[in-house]
$ cat work-v2.csv   # CSV, C-alpha atoms
chain,number,residue,atom,x,y,z
B,1,MET,CA,-21.3,26.6,34.2
B,2,ARG,CA,-18.8,25.1,31.8
B,3,THR,CA,-19.5,21.9,29.9
B,4,THR,CA,-16.9,19.7,28.3
B,5,GLN,CA,-17.6,17.7,25.2
B,6,THR,CA,-15.8,14.5,24.5
B,7,GLN,CA,-15.1,13.9,20.9
B,8,GLN,CA,-15.9,10.5,19.6
B,9,GLN,CA,-12.9,9.0,17.8
B,10,VAL,CA,-13.7,8.2,14.2
B,11,ALA,CA,-12.7,4.6,13.3
B,12,ALA,CA,-10.4,4.2,10.4
B,13,PRO,CA,-11.9,2.3,7.5
B,14,THR,CA,-10.2,-1.0,6.8
B,15,PRO,CA,-10.0,-2.3,3.3
B,16,PRO,CA,-11.6,-5.7,2.9
B,17,LYS,CA,-9.3,-8.7,3.3
B,18,VAL,CA,-8.3,-10.3,0.0
B,19,PRO,CA,-8.7,-14.1,-0.1
B,20,ALA,CA,-5.5,-16.1,-0.9
B,21,PHE,CA,-7.0,-17.5,-4.1
B,22,ALA,CA,-7.6,-14.0,-5.4
B,23,ASN,CA,-3.9,-13.1,-4.8
B,24,ALA,CA,-2.9,-16.3,-6.7
B,25,ILE,CA,-5.1,-15.4,-9.6
B,26,MET,CA,-3.7,-11.9,-9.7
B,27,ARG,CA,-0.1,-13.2,-9.6
B,28,TRP,CA,-0.9,-15.5,-12.6
B,29,VAL,CA,-2.6,-12.6,-14.5
B,30,LEU,CA,0.3,-10.2,-13.9
B,31,ARG,CA,2.8,-12.7,-15.2
B,32,SER,CA,0.8,-13.7,-18.2
B,33,PRO,CA,0.3,-12.0,-21.6
B,34,PHE,CA,-3.0,-10.7,-20.1
B,35,SER,CA,-1.1,-8.5,-17.6
B,36,ARG,CA,-2.2,-5.3,-19.4
B,37,ILE,CA,-5.6,-5.8,-17.9
B,38,CYS,CA,-4.3,-4.5,-14.5
B,39,ASP,CA,-0.6,-3.9,-14.6
B,40,THR,CA,-1.0,-0.1,-14.6
B,41,ALA,CA,-2.6,-0.4,-11.1
B,42,VAL,CA,-1.1,-3.5,-9.6
B,43,VAL,CA,2.5,-4.6,-9.1
B,44,LEU,CA,4.0,-7.8,-7.6
B,45,LEU,CA,6.3,-7.4,-4.6
B,46,THR,CA,8.6,-10.1,-3.4
B,47,VAL,CA,9.5,-9.6,0.3
B,48,THR,CA,12.0,-11.8,2.2
B,49,GLY,CA,11.0,-12.5,5.8
B,50,ARG,CA,13.6,-11.1,8.3
B,51,ARG,CA,13.4,-14.1,10.7
B,52,THR,CA,12.4,-17.0,8.4
B,53,GLY,CA,14.2,-16.0,5.2
B,54,ARG,CA,11.1,-17.2,3.3
B,55,ARG,CA,10.1,-15.2,0.2
B,56,PHE,CA,6.5,-14.0,-0.3
B,57,THR,CA,5.2,-12.6,-3.5
B,58,PHE,CA,1.9,-10.7,-3.5
B,59,PRO,CA,0.0,-8.1,-5.6
B,60,VAL,CA,-0.5,-4.5,-4.3
B,61,GLN,CA,-1.9,-1.3,-5.8
B,62,TYR,CA,0.8,1.3,-6.5
B,63,VAL,CA,1.2,4.9,-7.6
B,64,GLU,CA,4.2,5.5,-9.8
B,65,ASP,CA,6.2,8.7,-9.6
B,66,GLY,CA,9.4,8.4,-11.8
B,67,ASP,CA,11.6,5.7,-10.2
B,68,THR,CA,9.5,5.7,-7.0
B,69,LEU,CA,6.5,3.5,-6.3
B,70,TRP,CA,4.1,4.6,-3.5
B,71,ILE,CA,2.3,1.7,-1.8
B,72,THR,CA,-0.3,2.1,0.9
B,73,SER,CA,-1.0,-0.5,3.5
B,74,GLY,CA,-4.4,0.8,4.6
B,75,ALA,CA,-4.7,-1.6,7.5
B,76,GLY,CA,-1.1,-0.8,8.6
B,77,PRO,CA,-1.0,-2.3,12.1
B,78,GLU,CA,-2.9,-5.4,11.1
B,79,LYS,CA,-0.7,-6.2,8.1
B,80,THR,CA,2.7,-7.8,8.5
B,81,TRP,CA,4.4,-7.8,5.1
B,82,TRP,CA,5.7,-4.3,5.4
B,83,ARG,CA,7.4,-5.0,8.7
B,84,ASN,CA,10.1,-7.0,6.8
B,85,LEU,CA,11.1,-3.8,5.1
B,86,VAL,CA,11.5,-1.5,8.1
B,87,GLY,CA,14.9,0.2,8.2
B,88,GLY,CA,15.3,0.0,4.4
B,89,ALA,CA,15.4,-3.4,2.7
B,90,PRO,CA,16.1,-4.7,-0.8
B,91,ILE,CA,12.9,-5.7,-2.6
B,92,ASP,CA,12.1,-7.4,-5.8
B,93,VAL,CA,9.3,-5.9,-8.0
B,94,GLU,CA,7.6,-7.2,-11.0
B,95,LEU,CA,6.3,-4.0,-12.8
B,96,ARG,CA,4.5,-4.5,-16.1
B,97,ARG,CA,6.2,-7.9,-16.5
B,98,GLN,CA,9.6,-6.5,-15.9
B,99,ALA,CA,11.7,-7.8,-13.0
B,100,LEU,CA,13.2,-4.9,-11.1
B,101,HIS,CA,15.1,-4.4,-7.9
B,102,GLY,CA,14.8,-1.6,-5.4
B,103,THR,CA,15.1,-0.4,-1.8
B,104,ALA,CA,12.0,-0.1,0.3
B,105,GLU,CA,11.4,2.6,2.8
B,106,VAL,CA,8.6,2.2,5.4
B,107,VAL,CA,6.9,5.4,6.7
B,108,THR,CA,4.5,5.2,9.6
B,109,TYR,CA,2.2,7.9,11.0
B,110,GLY,CA,4.1,8.1,14.2
B,111,GLU,CA,7.4,8.8,12.4
B,112,ASP,CA,6.3,11.1,9.6
B,113,PRO,CA,2.5,11.9,9.4
B,114,ALA,CA,3.0,14.4,6.5
B,115,THR,CA,4.5,11.6,4.3
B,116,VAL,CA,1.8,9.2,5.2
B,117,GLU,CA,-0.8,11.8,4.4
B,118,GLU,CA,0.9,12.6,1.1
B,119,GLY,CA,0.9,8.8,0.2
B,120,ILE,CA,-2.8,8.5,0.9
B,121,ARG,CA,-3.6,11.7,-1.1
B,122,ARG,CA,-1.5,10.3,-4.1
B,123,HIS,CA,-3.4,7.0,-3.8
B,124,VAL,CA,-6.8,8.7,-3.6
B,125,ALA,CA,-5.9,10.9,-6.6
B,126,ARG,CA,-4.8,7.9,-8.7
B,127,PHE,CA,-7.7,5.7,-7.5
B,128,PRO,CA,-10.8,7.9,-6.8
B,129,LYS,CA,-13.1,4.9,-6.3
B,130,PHE,CA,-10.8,3.9,-3.4
B,131,ALA,CA,-11.9,7.1,-1.4
B,132,GLU,CA,-15.5,6.6,-2.3
B,133,LYS,CA,-15.5,2.9,-1.4
B,134,LEU,CA,-13.9,3.5,2.1
B,135,GLY,CA,-15.8,6.7,2.7
B,136,ILE,CA,-12.5,8.7,3.2
B,137,ASP,CA,-13.9,11.7,1.3
B,138,ASP,CA,-15.1,12.7,4.8
B,139,PRO,CA,-12.2,14.7,6.4
B,140,GLU,CA,-12.6,13.0,9.8
B,141,VAL,CA,-12.6,9.5,8.2
B,142,PHE,CA,-9.7,10.6,6.0
B,143,ALA,CA,-7.7,11.7,9.1
B,144,ALA,CA,-8.5,8.4,10.8
B,145,HIS,CA,-7.4,6.4,7.7
B,146,VAL,CA,-4.1,8.4,7.6
B,147,ARG,CA,-3.4,7.6,11.3
B,148,ASN,CA,-4.0,3.9,10.6
B,149,SER,CA,-1.9,3.6,7.4
B,150,VAL,CA,1.6,2.8,6.5
B,151,ILE,CA,3.3,4.0,3.4
B,152,VAL,CA,6.0,1.9,1.6
B,153,ARG,CA,8.1,3.9,-0.9
B,154,ILE,CA,10.1,1.8,-3.2
B,155,HIS,CA,13.1,3.4,-4.9
B,156,LEU,CA,13.7,1.4,-8.1
B,157,ALA,CA,17.2,0.8,-9.5
B,158,ARG,CA,16.7,1.0,-13.2

$ encode --input "work-v2.csv" --output "structure tokens"
Amino acid sequence: MRTTQTQQQVAAPTPPKVPAFANAIMRWVLRSPFSRICDTAVVLLTVTGRRTGRRFTFPVQYVEDGDTLWITSGAGPEKTWWRNLVGGAPIDVELRRQALHGTAEVVTYGEDPATVEEGIRRHVARFPKFAEKLGIDDPEVFAAHVRNSVIVRIHLAR
């Protein structure tokens, strides 16, 4: 007699939602003389809405690799900001109080799982507490997180 086992799908951990006032405080800090407190880990992105044309500026964690910034949207499908960058879009970046321009490239798990996994690994290597906090040091939880994430690579024009 043969038995089949159904594997239980591991849910991807979702980073906690950041309140709007916290983003406002972080924007102020990153533009102030106190920016050194967090500017090696957090960058300001300004994204233009494709339909509305409105500009949104918000802080995100980043991993820097030469002229490329790797940004992880850990709750990929639930977030909307990165959708304005699909297909390659110009983006404004405030990195260590320096205004820069670049081109953003969005990579989803469905398009390129290896690049999404690389982005998550880079993020975990740069921010080890991130993995610990979300429990993604477990291989199954890590895989679920990768499937649920979106990577935005920004190629800076310096």

$ residues_around --input "work-v2.csv" --residues "segment 91-101 of chain B" --least-positions-apart "3" --cutoff "8 Å" --atoms "all atoms listed in the file" --output "PDB file with C-alpha atoms, in the coordinates of the input"
ATOM      1  CA  LEU B  30       0.300 -10.200 -13.900  1.00  0.00           C
ATOM      2  CA  ARG B  31       2.800 -12.700 -15.200  1.00  0.00           C
ATOM      3  CA  SER B  35      -1.100  -8.500 -17.600  1.00  0.00           C
ATOM      4  CA  ARG B  36      -2.200  -5.300 -19.400  1.00  0.00           C
ATOM      5  CA  ASP B  39      -0.600  -3.900 -14.600  1.00  0.00           C
ATOM      6  CA  THR B  40      -1.000  -0.100 -14.600  1.00  0.00           C
ATOM      7  CA  VAL B  43       2.500  -4.600  -9.100  1.00  0.00           C
ATOM      8  CA  LEU B  44       4.000  -7.800  -7.600  1.00  0.00           C
ATOM      9  CA  LEU B  45       6.300  -7.400  -4.600  1.00  0.00           C
ATOM     10  CA  THR B  46       8.600 -10.100  -3.400  1.00  0.00           C
ATOM     11  CA  VAL B  47       9.500  -9.600   0.300  1.00  0.00           C
ATOM     12  CA  THR B  48      12.000 -11.800   2.200  1.00  0.00           C
ATOM     13  CA  ALA B 104      12.000  -0.100   0.300  1.00  0.00           C
ATOM     14  CA  LEU B 156      13.700   1.400  -8.100  1.00  0.00           C
ATOM     15  CA  ALA B 157      17.200   0.800  -9.500  1.00  0.00           C
ATOM     16  CA  ARG B 158      16.700   1.000 -13.200  1.00  0.00           C
TER      17      ARG B 158
END

$ closest_residue --input "work-v2.csv" --among "B:Phe34, B:Phe130, B:Phe21, B:Tyr109" --to "Val152 of chain B" --atoms "all atoms listed in the file"
B:Tyr109

$ atom_distance --input "work-v2.csv" --atom1 "atom CA of Trp70 of chain B" --atom2 "atom CA of Thr115 of chain B"
10.5 Å

$ atom_distance --input "work-v2.csv" --atom1 "atom CA of Ala22 of chain B" --atom2 "atom CA of Trp81 of chain B"
17.1 Å

$ closest_residue --input "work-v2.csv" --among "B:Thr68, B:Gln61, B:Ser32, B:Ser149" --to "Glu111 of chain B" --atoms "all atoms listed in the file"
B:Ser149

$ atom_distance --input "work-v2.csv" --atom1 "atom CA of Glu140 of chain B" --atom2 "atom CA of Ala114 of chain B"
16.0 Å

$ decode --input "work-v2.csv" --residues "segment 28-76 of chain B" --atoms "C-alpha atoms" --output "JSON list (two decimals), in the first residue's frame"
[["chain", "number", "residue", "atom", "x", "y", "z"],
["B", 28, "TRP", "CA", 14.03, 64.14, 7.93],
["B", 29, "VAL", "CA", 16.98, 62.32, 9.52],
["B", 30, "LEU", "CA", 18.44, 61.27, 6.15],
["B", 31, "ARG", "CA", 18.31, 64.86, 4.90],
["B", 32, "SER", "CA", 19.76, 66.33, 8.09],
["B", 33, "PRO", "CA", 23.31, 66.62, 9.46],
["B", 34, "PHE", "CA", 22.40, 63.57, 11.59],
["B", 35, "SER", "CA", 22.13, 61.34, 8.52],
["B", 36, "ARG", "CA", 25.27, 59.38, 9.43],
["B", 37, "ILE", "CA", 23.20, 57.62, 12.07],
["B", 38, "CYS", "CA", 21.58, 55.46, 9.41],
["B", 39, "ASP", "CA", 22.69, 56.46, 5.89],
["B", 40, "THR", "CA", 24.92, 53.42, 5.43],
["B", 41, "ALA", "CA", 21.82, 51.23, 5.66],
["B", 42, "VAL", "CA", 18.93, 53.38, 4.45],
["B", 43, "VAL", "CA", 18.50, 55.37, 1.25],
["B", 44, "LEU", "CA", 15.71, 57.65, 0.05],
["B", 45, "LEU", "CA", 14.01, 56.71, -3.21],
["B", 46, "THR", "CA", 11.78, 59.01, -5.21],
["B", 47, "VAL", "CA", 9.40, 57.15, -7.50],
["B", 48, "THR", "CA", 7.02, 58.72, -9.99],
["B", 49, "GLY", "CA", 3.60, 57.11, -10.31],
["B", 50, "ARG", "CA", 3.02, 55.77, -13.82],
["B", 51, "ARG", "CA", -0.66, 56.71, -13.92],
["B", 52, "THR", "CA", -0.84, 59.70, -11.57],
["B", 53, "GLY", "CA", 2.55, 61.31, -12.18],
["B", 54, "ARG", "CA", 2.75, 61.95, -8.41],
["B", 55, "ARG", "CA", 6.17, 61.64, -6.82],
["B", 56, "PHE", "CA", 6.65, 59.59, -3.67],
["B", 57, "THR", "CA", 9.79, 59.66, -1.53],
["B", 58, "PHE", "CA", 10.37, 56.95, 1.03],
["B", 59, "PRO", "CA", 13.25, 55.29, 2.89],
["B", 60, "VAL", "CA", 14.35, 51.72, 2.18],
["B", 61, "GLN", "CA", 17.24, 49.51, 3.27],
["B", 62, "TYR", "CA", 19.81, 48.91, 0.59],
["B", 63, "VAL", "CA", 22.91, 46.90, -0.18],
["B", 64, "GLU", "CA", 25.52, 48.75, -2.23],
["B", 65, "ASP", "CA", 27.67, 46.99, -4.81],
["B", 66, "GLY", "CA", 29.69, 49.55, -6.76],
["B", 67, "ASP", "CA", 27.23, 51.61, -8.79],
["B", 68, "THR", "CA", 24.36, 49.22, -8.09],
["B", 69, "LEU", "CA", 21.95, 49.34, -5.16],
["B", 70, "TRP", "CA", 20.06, 46.15, -4.28],
["B", 71, "ILE", "CA", 16.72, 46.75, -2.62],
["B", 72, "THR", "CA", 14.41, 44.04, -1.34],
["B", 73, "SER", "CA", 10.66, 44.36, -1.16],
["B", 74, "GLY", "CA", 10.04, 41.49, 1.23],
["B", 75, "ALA", "CA", 6.27, 41.73, 0.92],
["B", 76, "GLY", "CA", 6.52, 41.99, -2.85]]
